[in-house]
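Structure first, then comments.
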Amino acid sequence: MKPLQIAVTVVVAALAACGGDPAVDARGILAQETTWNWGEPPVGTFEAFGTEHAEMARIVLMADGTSHLEFPTICQGILPCEPRAIDGYYRASVYNEVHHLDFLDEEGKVLHDCDYRYEGKLLEITHEGDTTWQPLARASSAWCAIASHCEQQWLPAPLCPGRWQCVYNRCQFTCEGRQIWDVW
């Protein structure tokens, strides 16, 4: 055996012993590559408006691999309706030039998956068997549950000392202290 074959065999055996699957996505496809670099998949908050019941309302992808999904719900009476949310992790893969996202729980079980494409500020997703792409635009304000979610979305901060805060599930930056330089 060649050194590379031996290394791959050892990794696959170790994953099998631990109950893991080496780079297999929710479709059961061995991924050509797993993407964890800048821009692939895009990091940030993406939202759709006027979504139907089964479509995504919000996708939040964070740099540390955590995610937040929201699906619209049907209200019975009191408005506004709280969306159905899934918090967990995501795994991105590419196979035959198709980009794919798996959304996982704490144990690594796939809770939701979709194919995606991203160009500029628009994230488009589609689900297996569907031929239409649902657009989700980059949100004007990022979603959060805690302040560190803001940092994990690589949001631009103002040029002042301060910190991110999570206020009503929206990221806000608060400048602290006095102004460092004057504007003429």
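Residues are referred to by chain and number: the chain letter is A, B, ... according to the order shown in the structure tokens, the number counts from 1 in that chain, and ligands are numbered separately from 1 in the order shown.
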Surrounding residues of Trp143 of chain A excluding itself and chain neighbours under 3 positions, 10 Å, only C-alpha atoms, as a PyMOL selection string | chain A and resi 44-47+58-60+68+139-140+146-147+149-150+153+166-172
Fewer than 2 positions away in the same chain doesn't count, so skip those; otherwise give me all residues within 10 Å of Phe173 of chain A, counting only C-alpha atoms, as a short mmCIF file (atom, residue, chain, number, x, y, z; two decimals) with C-alpha atoms, in the first residue's frame.
```
data_model
loop_
_atom_site.label_atom_id
_atom_site.label_comp_id
_atom_site.auth_asym_id
_atom_site.auth_seq_id
_atom_site.Cartn_x
_atom_site.Cartn_y
_atom_site.Cartn_z
CA ALA A 147 -23.68 38.29 21.84
CA CYS A 150 -22.74 38.45 16.37
CA LEU A 155 -20.13 41.64 11.14
CA PRO A 156 -18.33 44.91 10.50
CA ALA A 157 -17.92 46.87 13.73
CA PRO A 158 -17.81 50.67 13.95
CA CYS A 160 -14.80 52.73 18.19
CA PRO A 161 -14.00 50.59 21.21
CA GLY A 162 -17.06 48.67 22.25
CA ARG A 163 -18.83 45.34 22.15
CA TRP A 164 -21.59 43.41 20.47
CA GLN A 165 -24.88 42.94 22.30
CA CYS A 166 -27.86 40.77 21.47
CA VAL A 167 -31.03 42.87 21.86
CA CYS A 171 -27.03 42.21 16.87
CA CYS A 175 -19.48 52.08 21.49
CA GLU A 176 -17.95 52.61 24.91
#
```
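Within 6 Å of Glu70 of chain A, once only C-alpha atoms are used and residues closer than 4 positions along the same chain are dropped, the contacting residues are Ala57, Arg58, Pro83, Arg84 and Ala85 of chain A.
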Keeping only C-alpha atoms, take the residues you just selected and write them out as a PDB file, in the first residue's frame.
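File written: result_30.pdb
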```pdb
ATOM      1  CA  ALA A  57     -37.827  31.931   6.765  1.00  0.00           C
ATOM      2  CA  ARG A  58     -34.286  32.488   8.113  1.00  0.00           C
ATOM      3  CA  PRO A  83     -41.412  30.445  13.944  1.00  0.00           C
ATOM      4  CA  ARG A  84     -40.311  26.843  14.373  1.00  0.00           C
ATOM      5  CA  ALA A  85     -36.568  27.008  15.036  1.00  0.00           C
TER       6      ALA A  85
END
```
For atom CA of Arg138 of chain A and atom CA of Tyr95 of chain A, the interatomic separation in Å (one decimal) |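 One can read the atom CA of Arg138 of chain A to atom CA of Tyr95 of chain A distance as 25.0 Å.
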Hey, can you check how far atom CA of Arg91 of chain A sits from atom CA of Thr73 of chain A?
-> 25.4 Å
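Using only C-alpha atoms, the nearest neighbour of Thr66 of chain A within the list A:Asp115, A:Leu122, A:Gln134, A:Tyr89 is A:Tyr89.
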DSSP alpha helix (DSSP H) residues within segment 31-179 of chain A, listed as a PDB file with C-alpha atoms, in the first residue's frame:
```
ATOM      1  CA  ALA A 147     -23.682  38.290  21.841  1.00  0.00           C
ATOM      2  CA  SER A 148     -21.075  35.783  20.594  1.00  0.00           C
ATOM      3  CA  HIS A 149     -23.406  34.935  17.683  1.00  0.00           C
ATOM      4  CA  CYS A 150     -22.736  38.451  16.365  1.00  0.00           C
ATOM      5  CA  GLU A 151     -18.972  37.926  16.460  1.00  0.00           C
TER       6      GLU A 151
END
```
